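Chemist: One structure, pasted below without further comment.
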2 protein chains.
Amino acid sequence: MTEPGGAPHELCINTMRMLAADAVQAANSGHPGLPLGAAPTCYVLWTRFMRHNPSNPLWPNRDRFILSAGHGSALLYAILHLTGYDISLEDLQRFRQWGSKTPGHPEYHPAIGVEATTGPLGQGFCMGVGMAVAERFLATRFNRPGFRLVDHYTYEIVSDGDLMEGISYEAASLAGRLKLGKLIYLYDDNKISIEGETKITFTEDVEARFKACEWHVQRVGDGNDVRAIEQAISRARQESEKPSLIIIRTHIGFGSPKQDSASAHGEPLGLDALKATKENFCWTLEPHFFVPEEAPCEFRLAIDRGQRLEAEWRSLLEEYRKAYPAEAEEFERVINHRLPADWDADIPVFRVSDGPIATRVASGKALNAIAKRVSVMLGGSADLAPSTKTLISGSEDQSPEHPDGRNLRFGVREHAMGALVNGMALHGGVIPYGATFLIFSDYMRPALRLAALMDAPSIFVFTHDSIGVGEDGPTHQPIEHLASLRAMPNMILFRPADANETAAAWRVAVAKGKPICFALSRQNLPVLDPDRYPGVVEGAMKGAYVLSDVEGTPDLLIIATGSEVALALAAQEKLLADKGIKARVVSMPSWELFKEQPEEYRNQVLPPDVKARLAVEAGSSLGWCQWTGSQGDVIGIDRFGASAPGPEVMKRFGFTVENVVARAAALVGK
Amino acid sequence: MTEPGGAPHELCINTMRMLAADAVQAANSGHPGLPLGAAPTCYVLWTRFMRHNPSNPLWPNRDRFILSAGHGSALLYAILHLTGYDISLEDLQRFRQWGSKTPGHPEYHPAIGVEATTGPLGQGFCMGVGMAVAERFLATRFNRPGFRLVDHYTYEIVSDGDLMEGISYEAASLAGRLKLGKLIYLYDDNKISIEGETKITFTEDVEARFKACEWHVQRVGDGNDVRAIEQAISRARQESEKPSLIIIRTHIGFGSPKQDSASAHGEPLGLDALKATKENFCWTLEPHFFVPEEAPCEFRLAIDRGQRLEAEWRSLLEEYRKAYPAEAEEFERVINHRLPADWDADIPVFRVSDGPIATRVASGKALNAIAKRVSVMLGGSADLAPSTKTLISGSEDQSPEHPDGRNLRFGVREHAMGALVNGMALHGGVIPYGATFLIFSDYMRPALRLAALMDAPSIFVFTHDSIGVGEDGPTHQPIEHLASLRAMPNMILFRPADANETAAAWRVAVAKGKPICFALSRQNLPVLDPDRYPGVVEGAMKGAYVLSDVEGTPDLLIIATGSEVALALAAQEKLLADKGIKARVVSMPSWELFKEQPEEYRNQVLPPDVKARLAVEAGSSLGWCQWTGSQGDVIGIDRFGASAPGPEVMKRFGFTVENVVARAAALVGK
């Protein structure tokens with residue numbers, strides 16, 4: 001059967017297969033099995049359905065595609081190359097080499113068509129759900145009769161491994177509940193995983209499971225049956241009330257001597273097996289990376305088609321601009337990631353009389369002040385909204401009835417929440433956040449890491465950040481979490497001392513558009529009096545600042561974060577009054593932001609000559625020595641917590657004025 | 001309807017309810033809703049079915065009960081108190097107070113009947129699966145015709161939140177695949193979670209979902225219908241080929257003014273509402289913690305019954321000992337957590353000629369050497385067994401056909417693997433391990449934390465531990481993982497430098513019986529020549545040791561771990577030869593083990609006077625300053641990795657002899 005471009009689809013599909021297999025072989029590393037088996041699926045999707053513009057990979061109304069089975073990256077690069085994205089044959093030849101555009105697993109790089117970083121299984125599955133949520137939210141907000149500005153699908157190829165991961169179940173449950181009708185997942189059902197046949201461990205009825213979550217499910221019995229795949233995708237597109245799963249029975253390593261065996265998964269075929277495969281497909285043996293003349297025509301139709309699609313869309317946008325000028329202005333602003341001019345105008349300045357107030361509560365106020373003006377801010381909590389204070393007042397719950405509802409009810413699904421927020425962030429046009437207790441950031445750690453890897457503007461609000469949690473006990477009291485988040489590259493951690501530092505946290509988060517986590521208190525904290533301590537917001541945004549200084553050279557520095565800053569201030573007073581010790585108090589809400597400051601500023605805040613330094617933070621001491629030095633000291637916690645009222649736990653763990661004073665005095669030898 | 005003890009079951013159930021509500025009120029903190037709603041379920045299970053001995057909570061053949069919905073802890077403490085465990089009324093009155101036996105969420109304390117720490121949702125659900133695996137494994141190994149030594153059920157009460165968590169899906173899929181017929185979970189289906197009715201987010205067909213995973217599912221329409229609950233549990237016990245879920249429709253906060261509302265979940269009722277509740281149940285208003293005379297008789301039947309059950313079992317064991325003396329000896333040894341005398345006799349001593357060999361490969365050999373003699377060692381990998389080298393040769397896969405198979409095929413379910421290993425460890429009688437790539441330890445972090453909290457003898461084998469992973473790229477290259485595991489209290493991290501240090505790691509793991517993670521290399525590493533470097537194993541077991549010393553006082557110390565130790569040795573040679581710098585090389589496979597050593601030993605290894613210290617480790621630098629001091633330096637990695645061949649990545653990230661030499665020389669000012 002030939003295609004509009006004239007090339008038989010078999011030829012096109014095998015071009016994809018062989019390019020992928022050649023790439024893996026050239027690298028002598030990688031996963032040839034999925035590309036060989038899933039090439040027809042990918043081909044049908046990309047040539048018959050995907051609405052995208054290789055000349056402008058950032059066209060806002062493009063369909064989204066994620067290869068959740070990220071180990072199949074060679075297949076993705078092959079289709080991107082063939083359809084005209086900025087991935088050359090040389091790039092394919094440099095698969096898995098230093099500095100190439102074609103790393104071993106896809107890395108978020110929308111300019112070349114890679115919509116998300118995948119590799120860790122299940123993440124892509126869930127990010128796609130986030131993209132679909134964002135699409136529908138924006139469509140509801142901006143589309144008008146006759147103007148379907150926002151109208152695109154989210155497609156994925158997912159694997160056995162993706163479906164075994166717990167996060168995929170969470171995501172499927174949410175997607176079904178939300179009735180995301182423009183989500184279409186193609187399940188590469190090859191019945192093989194690394195350890196062998198999936199039936200040794202994965203025997204659940206996948207169709208029944210997805211139907212239980214209100215998905216639309218179809219089966220394609222032969223993964224090489226182009227027509228059947230095409231029909232299934234068509235039907236899935238027509239199903240507008242449910243997300244769709246198409247279970248496609250494929251054969252890993254199809255056409256190679258290793259077909260249907262685990263060894264086809266994650267090792268290069270080897271020169272002999274590669275040759276045998278090419279012979280099997282009647283393929284040209286040399287050169288490698290051979291692309292038959294007829295094939296590009298077929299694939300490259302995407303270029304013209306894409307330019308036409310975008311041109312039509314731009315005309316539509318023009319008309320829309322005339323008919324709905326205000327909406328058009330807002331639309332253009334949000335899809336270009338720009339904030340309204342006065343987005344932060346309502347962020348409160350807290351007075352002492354507004355406190356004492358927990359930073360989680362102040363966060364809720366700051367969030368709402370921003371959300372009032374930034375209409376595309378949306379998010380939610382993993383069933384802890386009353387505790388995390390993250391409901392946007394005056395907005396509906398996100399639901400099929402209210403697809404523009406800004407309050408997402410993630411349920412007790414922290415991991416899905418994390419990846420969904422990432423998906424929304426990558427989609428663009430919205431500013432998403434997710435919230436839970438800091439202790440449960442553990443449940444979503446792989447999603448946090450991916451946010452950092454992708455540099456996604458994902459905002460994570462973590463409350464109940466220390467032993468201050470109290471009676472819920474050690475299972476709920478973070479200890480190692482601050483340290484473990486600081487160890488993660490490209491993740492900003494911000495632990496504000498009071499309501500105004502919390503407002504600063506939100507300013508940073510929204511303005512900077514980088515991956516960020518807040519650590520907020522459960523318990524009430526005094527407001528740092530703006531009259532007595534000017535520059536709190538400005539200082540906090542620099543990551544650390546001198547909160548309360550002394551006359552002349554300090555005898556020591558007390559560096560504190562979050563709930564311990566008030567303690568440091570009280571100790572400062574007592575040290576001076578009782579012992580004549582001059583202690584400068586530094587508030588250090590964010591190590592990462594501080595490290596970005598010029599050395600001069602950092603040395604002003606922490607003068608290198610002042611060796612006596614005491615850090616005070618209700619969490620793991622790991623890493624504090626970089627600020628306190630070997631002549632310094634740390635009041636931290638390196639054991640698990642305990643169930644008792646919060647103030648008692650704090651006291652018993654040494655977070656008292658007396659103890660801070662004693663440890664400080666010891667440092668200066670008094 | 002009265003009970004054998006004479007008390008109407010309503011009275012008994014309300015005793016449980018009121019004790020729990022009073023405990024929460026006295027603490028002015030906690031969760032009264034589940035106890036009020038689930039008390040009948042708990043009552044029926046504990047008085048009609050649970051085979052246990054309050055006089056000996058450690059009786060090996062007891063049924064196991066886990067309250068996976070750990071926030072309902074007051075209910076658990078109430079039933080434990082009433083049935084005669086070592087939890088007094090005073091203990092209940094001190095619910096959630098410092099040092100009490102009744103912390104806010106249950107903490108593993110088998111001596112008082114608490115079989116597992118719960119609170120973080122989904123963990124209990126999965127640990128129970130591990131307990132059932134252990135039960136069946138031991139039953140298959142030790143039972144003989146007429147001698148059902150190992151014969152107990154694993155029961156749980158699970159909540160909506162548990163079922164929303166991804167880990168519960170993974171666990172359910174595994175449990176169904178393994179056909180664990182003695183697993184019975186009672187689902188407290190109250191349709192309320194913290195944010196409101198569960199239908200705002202949790203609309204999946206739970207029954208269909210569990211049936212898709214091959215569970216036996218029943219429904220009880222009225223959570224107060226004692227008879228119906230009893231019948232359902234009976235039927236579940238008869239179902240021997242499938243795990244059972246009983247969906248029990250309850251009402252959160254039953255009988256209180258807050259019934260069926262989210263506010264019943266996690267706040268004390270309040271004095272007025274508590275009073276109204278007691279009036280509703282015709283309960284004595286004062287004193288609080290009132291226990292009607294008739295009630296204890298009913299509950300305390302468990303004491304005599306339990307003593308009888310255990311006495312019968314001990315007789316059986318006596319007979320067994322006569323009929324099967326060898327098996328009996330082994331049985332007694334394993335249930336008392338003792339190792340066979342020569343358990344470590346086959347652990348190889350690696351020679352230089354055995355290398356270069358990756359530490360993951362050496363680990364596989366050590367594991368098999370131990371498994372050969374420790375017949376109750378079992379475990380597996382999350383679909384990475386060929387890579388993690390964790391298959392026990394000569395043993396079957398764990399399956400319904402081979403319930404004594406020692407190779408668990410966890411599938412791509414790291415989180416379930418972690419909690420399942422914990423469950424097996426807590427059950428006792430077996431020595432379990434789980435394995436995956438270090439990067440994917442993130443997926444199971446909450447289970448790792450729980451292992452540490454419970455001090456469970458869980459062994460976690462993490463391989464592919466650094467940028468040495470190479471071409472798979474940054475999604476697969478650990479950076480922050482070593483630091484983040486070190487920040488976790490009570491978790492031993494062991495990163496061996498070579499094959500012999502790896503053997504030491506296994507010695508520690510099996511002998512110490514504490515939570516431990518290994519970080520092992522993907523790539524080959526030279527074997528540290530036992531002739532040239534004596535005391536590698538002994539030194540490694542102390543966490544850090546002088547691997548290669550100098551004459552007299554060292555100019556500097558090079559502290560390295562894992563794959564970087566070889567680099568340190570090469571640099572040591574060059575420093576002496578080229579620059580006359582005398583560098584002592586310290587291998588530091590485990591910070592935690594080193595910190596346990598006497599100060600004298602630690603000062604010997606790291607003399608306080610030697611300030612010039614260079615740490616070398618292919619991972620986050622966070623925390624190294626505690627060993628290197630402010631005059632030291634660290635060659636670490638604080639950014640994400642890159643996709644390229646491993647040796648190239650190592651080189652580009654500064655892990656070369658030249659760079660180590662240069663940084664060392666700079667430290668001593670040459």
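Lettering and numbering for the structure tokens are positional, with chains as A, B, ... in the shown order, residues counted from 1 in each chain, and ligands counted from 1 in the shown order.
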Taking the chain letters and numbering used in this document, name the residues of stretch 34-221 of chain B that DSSP puts in helix (DSSP H, G or I), as number ranges by chain.

Modeler: B: 34-49, 70-82, 89-93, 110-112, 123-142, 160-164, 166-177, 198-200, 206-212

Chemist: Keeping only C-alpha atoms, write the selected residues to a file as a compact mmCIF listing (two decimals), in the first residue's frame.

Modeler:
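New file out-v8.txt:
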# COMPACT_ATOMS: atom_id res chain seq x y z
CA LEU B 34 -11.84 6.09 61.50
CA PRO B 35 -12.03 4.55 64.97
CA LEU B 36 -15.70 5.45 65.24
CA GLY B 37 -16.47 4.06 61.82
CA ALA B 38 -14.24 1.01 61.72
CA ALA B 39 -14.66 -0.25 65.26
CA PRO B 40 -17.12 -3.01 64.31
CA THR B 41 -14.76 -4.27 61.62
CA CYS B 42 -11.86 -4.31 64.02
CA TYR B 43 -13.96 -5.94 66.72
CA VAL B 44 -15.17 -8.79 64.53
CA LEU B 45 -11.70 -9.47 63.21
CA TRP B 46 -10.01 -9.44 66.59
CA THR B 47 -12.59 -11.36 68.60
CA ARG B 48 -13.78 -13.89 66.02
CA PHE B 49 -10.79 -14.59 63.83
CA GLY B 70 -2.21 4.38 60.61
CA HIS B 71 -3.98 7.57 61.56
CA GLY B 72 -6.58 5.32 63.19
CA SER B 73 -3.98 4.38 65.81
CA ALA B 74 -6.28 5.08 68.74
CA LEU B 75 -8.45 2.23 67.55
CA LEU B 76 -5.49 -0.13 67.44
CA TYR B 77 -4.36 0.85 70.92
CA ALA B 78 -7.88 0.40 72.21
CA ILE B 79 -8.19 -3.15 70.89
CA LEU B 80 -4.71 -4.04 72.09
CA HIS B 81 -5.52 -2.74 75.53
CA LEU B 82 -8.84 -4.51 75.70
CA LEU B 89 -5.45 2.62 80.41
CA GLU B 90 -2.79 5.09 81.49
CA ASP B 91 -1.02 4.45 78.21
CA LEU B 92 -4.22 5.31 76.38
CA GLN B 93 -4.56 8.45 78.46
CA PRO B 110 5.88 -6.17 68.43
CA ALA B 111 6.13 -6.67 72.19
CA ILE B 112 2.97 -4.64 72.60
CA GLN B 123 3.08 1.29 53.19
CA GLY B 124 1.10 -1.00 55.45
CA PHE B 125 -0.86 -2.33 52.48
CA CYS B 126 2.37 -3.44 50.89
CA MET B 127 4.18 -4.65 54.00
CA GLY B 128 1.32 -7.06 54.55
CA VAL B 129 1.99 -8.57 51.16
CA GLY B 130 5.56 -9.15 52.26
CA MET B 131 4.39 -10.82 55.44
CA ALA B 132 2.15 -13.14 53.46
CA VAL B 133 5.01 -14.03 51.13
CA ALA B 134 7.19 -14.85 54.12
CA GLU B 135 4.46 -16.95 55.74
CA ARG B 136 3.93 -19.04 52.65
CA PHE B 137 7.63 -19.41 51.99
CA LEU B 138 8.27 -20.71 55.50
CA ALA B 139 5.18 -22.88 55.41
CA THR B 140 6.39 -24.52 52.22
CA ARG B 141 9.85 -25.02 53.65
CA PHE B 142 8.98 -26.32 57.07
CA ASP B 160 -9.31 5.20 50.76
CA GLY B 161 -5.99 6.96 51.00
CA ASP B 162 -4.12 3.66 50.98
CA LEU B 163 -5.93 2.65 47.80
CA MET B 164 -5.20 5.92 46.02
CA GLY B 166 0.41 4.03 43.65
CA ILE B 167 2.25 1.62 45.91
CA SER B 168 -1.00 -0.16 46.74
CA TYR B 169 -1.67 -0.86 43.09
CA GLU B 170 1.83 -2.28 42.63
CA ALA B 171 1.36 -4.42 45.72
CA ALA B 172 -2.08 -5.60 44.67
CA SER B 173 -0.80 -6.59 41.26
CA LEU B 174 1.99 -8.62 42.83
CA ALA B 175 -0.22 -10.20 45.47
CA GLY B 176 -2.70 -11.30 42.84
CA ARG B 177 0.00 -12.67 40.59
CA THR B 198 -13.68 10.90 47.83
CA LYS B 199 -15.78 11.19 44.71
CA ILE B 200 -14.23 14.56 44.00
CA VAL B 206 -12.30 -0.39 43.13
CA GLU B 207 -13.95 -3.78 42.89
CA ALA B 208 -13.19 -4.06 39.19
CA ARG B 209 -9.66 -2.90 39.71
CA PHE B 210 -8.91 -5.54 42.30
CA LYS B 211 -10.63 -8.21 40.25
CA ALA B 212 -8.42 -7.19 37.34

Chemist: Determine which residues of stretch 62-245 of chain A receive a DSSP assignment of strand (DSSP E), computed from the backbone, and state them as a short mmCIF file (atom, residue, chain, number, x, y, z; two decimals) with all heavy atoms, in the first residue's frame.

Modeler:
data_model
loop_
_atom_site.label_atom_id
_atom_site.label_comp_id
_atom_site.auth_asym_id
_atom_site.auth_seq_id
_atom_site.Cartn_x
_atom_site.Cartn_y
_atom_site.Cartn_z
N ARG A 64 0.92 17.19 21.34
CA ARG A 64 2.08 16.81 22.14
C ARG A 64 2.30 15.30 22.01
O ARG A 64 1.33 14.53 22.02
CB ARG A 64 1.89 17.14 23.62
CG ARG A 64 1.59 18.61 23.98
CD ARG A 64 2.45 19.62 23.28
NE ARG A 64 2.47 20.90 23.99
CZ ARG A 64 1.82 21.99 23.60
NH1 ARG A 64 1.07 21.95 22.50
NH2 ARG A 64 1.90 23.11 24.28
N PHE A 65 3.56 14.93 21.89
CA PHE A 65 3.92 13.51 21.90
C PHE A 65 5.00 13.27 22.93
O PHE A 65 5.99 14.00 22.97
CB PHE A 65 4.43 13.05 20.53
CG PHE A 65 4.97 11.65 20.56
CD1 PHE A 65 4.10 10.55 20.59
CD2 PHE A 65 6.34 11.40 20.63
CE1 PHE A 65 4.59 9.25 20.66
CE2 PHE A 65 6.84 10.10 20.69
CZ PHE A 65 5.94 9.02 20.70
N ILE A 66 4.80 12.26 23.76
CA ILE A 66 5.83 11.86 24.72
C ILE A 66 6.10 10.37 24.54
O ILE A 66 5.17 9.56 24.49
CB ILE A 66 5.38 12.11 26.18
CG1 ILE A 66 5.20 13.61 26.44
CG2 ILE A 66 6.41 11.56 27.16
CD1 ILE A 66 4.74 13.93 27.86
N LEU A 67 7.36 10.04 24.44
CA LEU A 67 7.75 8.63 24.47
C LEU A 67 8.01 8.29 25.94
O LEU A 67 9.10 8.54 26.46
CB LEU A 67 9.02 8.43 23.63
CG LEU A 67 9.57 7.01 23.59
CD1 LEU A 67 8.57 6.05 22.92
CD2 LEU A 67 10.90 6.96 22.84
N THR A 154 -2.84 14.95 23.22
CA THR A 154 -1.61 14.47 23.85
C THR A 154 -1.52 12.97 23.59
O THR A 154 -2.39 12.21 24.01
CB THR A 154 -1.61 14.74 25.36
OG1 THR A 154 -1.80 16.13 25.59
CG2 THR A 154 -0.28 14.31 25.97
N TYR A 155 -0.47 12.61 22.88
CA TYR A 155 -0.26 11.20 22.52
C TYR A 155 0.99 10.67 23.22
O TYR A 155 1.95 11.39 23.43
CB TYR A 155 -0.01 11.06 21.01
CG TYR A 155 -1.13 11.49 20.11
CD1 TYR A 155 -1.11 12.74 19.48
CD2 TYR A 155 -2.20 10.63 19.86
CE1 TYR A 155 -2.14 13.13 18.63
CE2 TYR A 155 -3.23 11.02 18.99
CZ TYR A 155 -3.19 12.26 18.39
OH TYR A 155 -4.20 12.64 17.54
N GLU A 156 0.97 9.39 23.49
CA GLU A 156 2.17 8.77 24.06
C GLU A 156 2.31 7.34 23.56
O GLU A 156 1.33 6.69 23.20
CB GLU A 156 2.09 8.72 25.59
CG GLU A 156 2.06 10.09 26.25
CD GLU A 156 2.61 10.06 27.67
OE1 GLU A 156 3.07 9.00 28.14
OE2 GLU A 156 2.60 11.13 28.30
N ILE A 157 3.54 6.89 23.58
CA ILE A 157 3.81 5.46 23.51
C ILE A 157 4.30 5.06 24.90
O ILE A 157 5.25 5.65 25.42
CB ILE A 157 4.85 5.12 22.43
CG1 ILE A 157 4.23 5.33 21.04
CG2 ILE A 157 5.33 3.67 22.58
CD1 ILE A 157 5.21 5.16 19.88
N VAL A 158 3.58 4.11 25.48
CA VAL A 158 3.91 3.65 26.83
C VAL A 158 4.22 2.16 26.80
O VAL A 158 3.82 1.44 25.89
CB VAL A 158 2.75 3.94 27.82
CG1 VAL A 158 2.40 5.42 27.81
CG2 VAL A 158 1.52 3.10 27.51
N SER A 159 4.96 1.73 27.84
CA SER A 159 5.47 0.36 27.85
C SER A 159 4.91 -0.43 29.03
O SER A 159 4.27 0.12 29.92
CB SER A 159 6.99 0.38 27.96
OG SER A 159 7.36 0.94 29.22
N LEU A 183 -6.60 12.57 25.41
CA LEU A 183 -5.40 11.87 25.84
C LEU A 183 -5.46 10.50 25.18
O LEU A 183 -6.43 9.77 25.37
CB LEU A 183 -5.44 11.73 27.36
CG LEU A 183 -4.19 11.37 28.11
CD1 LEU A 183 -3.18 12.49 28.03
CD2 LEU A 183 -4.52 11.08 29.58
N ILE A 184 -4.45 10.17 24.40
CA ILE A 184 -4.45 8.89 23.69
C ILE A 184 -3.10 8.22 23.89
O ILE A 184 -2.07 8.72 23.40
CB ILE A 184 -4.73 9.10 22.19
CG1 ILE A 184 -6.12 9.73 22.01
CG2 ILE A 184 -4.64 7.77 21.44
CD1 ILE A 184 -6.50 10.04 20.58
N TYR A 185 -3.13 7.10 24.58
CA TYR A 185 -1.89 6.38 24.89
C TYR A 185 -1.85 5.07 24.12
O TYR A 185 -2.80 4.29 24.16
CB TYR A 185 -1.78 6.11 26.39
CG TYR A 185 -1.42 7.31 27.23
CD1 TYR A 185 -1.29 8.60 26.69
CD2 TYR A 185 -1.20 7.19 28.60
CE1 TYR A 185 -0.95 9.69 27.47
CE2 TYR A 185 -0.86 8.28 29.38
CZ TYR A 185 -0.73 9.53 28.82
OH TYR A 185 -0.40 10.61 29.61
N LEU A 186 -0.74 4.85 23.47
CA LEU A 186 -0.53 3.63 22.69
C LEU A 186 0.41 2.73 23.49
O LEU A 186 1.57 3.08 23.73
CB LEU A 186 0.07 4.01 21.33
CG LEU A 186 -0.85 4.98 20.56
CD1 LEU A 186 -0.07 6.13 19.97
CD2 LEU A 186 -1.60 4.24 19.48
N TYR A 187 -0.12 1.61 23.89
CA TYR A 187 0.63 0.72 24.79
C TYR A 187 1.33 -0.32 23.94
O TYR A 187 0.71 -1.18 23.31
CB TYR A 187 -0.34 0.10 25.79
CG TYR A 187 0.16 -1.08 26.59
CD1 TYR A 187 1.50 -1.25 26.91
CD2 TYR A 187 -0.74 -2.03 27.08
CE1 TYR A 187 1.94 -2.33 27.66
CE2 TYR A 187 -0.31 -3.11 27.85
CZ TYR A 187 1.03 -3.25 28.12
OH TYR A 187 1.46 -4.33 28.87
N ASP A 188 2.64 -0.24 23.97
CA ASP A 188 3.51 -1.16 23.24
C ASP A 188 3.56 -2.47 24.03
O ASP A 188 4.47 -2.70 24.83
CB ASP A 188 4.90 -0.52 23.12
CG ASP A 188 5.89 -1.40 22.38
OD1 ASP A 188 5.63 -1.73 21.20
OD2 ASP A 188 6.92 -1.78 22.97
N ASP A 189 2.60 -3.31 23.80
CA ASP A 189 2.41 -4.53 24.58
C ASP A 189 3.26 -5.66 24.00
O ASP A 189 2.77 -6.47 23.20
CB ASP A 189 0.93 -4.89 24.58
CG ASP A 189 0.62 -6.14 25.37
OD1 ASP A 189 1.43 -6.54 26.22
OD2 ASP A 189 -0.46 -6.74 25.12
N ILE A 192 7.47 -8.45 27.06
CA ILE A 192 8.85 -8.75 27.47
C ILE A 192 9.38 -7.59 28.31
O ILE A 192 9.16 -6.42 27.97
CB ILE A 192 9.76 -8.90 26.23
CG1 ILE A 192 9.39 -10.16 25.44
CG2 ILE A 192 11.24 -8.94 26.61
CD1 ILE A 192 9.79 -11.47 26.11
N SER A 193 10.03 -7.92 29.39
CA SER A 193 10.77 -6.88 30.11
C SER A 193 12.18 -7.42 30.38
O SER A 193 12.55 -8.48 29.90
CB SER A 193 10.05 -6.47 31.39
OG SER A 193 9.97 -7.55 32.28
N GLY A 196 12.65 -10.93 31.54
CA GLY A 196 12.04 -12.02 30.77
C GLY A 196 10.61 -11.69 30.37
O GLY A 196 10.26 -10.53 30.18
N GLU A 197 9.80 -12.70 30.22
CA GLU A 197 8.41 -12.48 29.84
C GLU A 197 7.69 -11.76 30.98
O GLU A 197 7.90 -12.08 32.16
CB GLU A 197 7.73 -13.81 29.55
CG GLU A 197 8.30 -14.53 28.33
CD GLU A 197 7.54 -15.82 28.06
OE1 GLU A 197 6.32 -15.74 27.85
OE2 GLU A 197 8.18 -16.90 28.07
N HIS A 216 -11.29 4.50 27.90
CA HIS A 216 -11.75 3.85 26.68
C HIS A 216 -10.60 2.95 26.23
O HIS A 216 -9.46 3.43 26.11
CB HIS A 216 -12.06 4.96 25.66
CG HIS A 216 -12.25 4.51 24.25
ND1 HIS A 216 -11.43 4.93 23.22
CD2 HIS A 216 -13.19 3.71 23.70
CE1 HIS A 216 -11.86 4.39 22.07
NE2 HIS A 216 -12.91 3.65 22.34
N VAL A 217 -10.85 1.67 26.05
CA VAL A 217 -9.76 0.75 25.76
C VAL A 217 -10.01 -0.01 24.46
O VAL A 217 -11.12 -0.49 24.22
CB VAL A 217 -9.59 -0.29 26.89
CG1 VAL A 217 -8.40 -1.20 26.60
CG2 VAL A 217 -9.39 0.41 28.24
N GLN A 218 -9.00 -0.07 23.63
CA GLN A 218 -9.09 -0.87 22.41
C GLN A 218 -7.86 -1.77 22.30
O GLN A 218 -6.84 -1.51 22.94
CB GLN A 218 -9.09 0.04 21.16
CG GLN A 218 -10.19 1.06 21.11
CD GLN A 218 -10.02 1.91 19.88
OE1 GLN A 218 -10.40 1.55 18.78
NE2 GLN A 218 -9.45 3.09 20.07
N ARG A 219 -8.00 -2.77 21.47
CA ARG A 219 -6.88 -3.67 21.22
C ARG A 219 -6.56 -3.73 19.73
O ARG A 219 -7.48 -3.74 18.89
CB ARG A 219 -7.23 -5.10 21.67
CG ARG A 219 -7.27 -5.27 23.16
CD ARG A 219 -7.49 -6.74 23.50
NE ARG A 219 -7.49 -6.92 24.95
CZ ARG A 219 -6.38 -7.06 25.69
NH1 ARG A 219 -5.20 -7.05 25.12
NH2 ARG A 219 -6.47 -7.20 27.00
N VAL A 220 -5.29 -3.77 19.45
CA VAL A 220 -4.83 -4.05 18.09
C VAL A 220 -3.97 -5.30 18.19
O VAL A 220 -2.95 -5.31 18.88
CB VAL A 220 -4.02 -2.89 17.51
CG1 VAL A 220 -3.37 -3.29 16.18
CG2 VAL A 220 -4.90 -1.65 17.33
N SER A 244 -8.02 7.54 26.26
CA SER A 244 -7.98 6.30 25.50
C SER A 244 -6.67 5.55 25.64
O SER A 244 -5.59 6.14 25.61
CB SER A 244 -8.19 6.59 24.01
OG SER A 244 -9.46 7.15 23.77
N LEU A 245 -6.80 4.25 25.77
CA LEU A 245 -5.64 3.36 25.75
C LEU A 245 -5.82 2.42 24.57
O LEU A 245 -6.89 1.83 24.43
CB LEU A 245 -5.54 2.56 27.05
CG LEU A 245 -4.31 1.65 27.15
CD1 LEU A 245 -3.06 2.47 27.46
CD2 LEU A 245 -4.50 0.57 28.21
#

Chemist: For chain B, which of A:Ala69, A:Cys625, A:Ile635, A:Ala577 is the closest residue, counting only C-alpha atoms?

Modeler: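 The closest residue to chain B is A:Cys625.
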
Chemist: Rank nothing, just name the residue among B:Ser240, B:Ser458, B:Ser563, B:Thr390 nearest to B:Ile357, using only C-alpha atoms.

Modeler: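 Residue with the minimum atom-to-atom distance to B:Ile357: B:Ser563.
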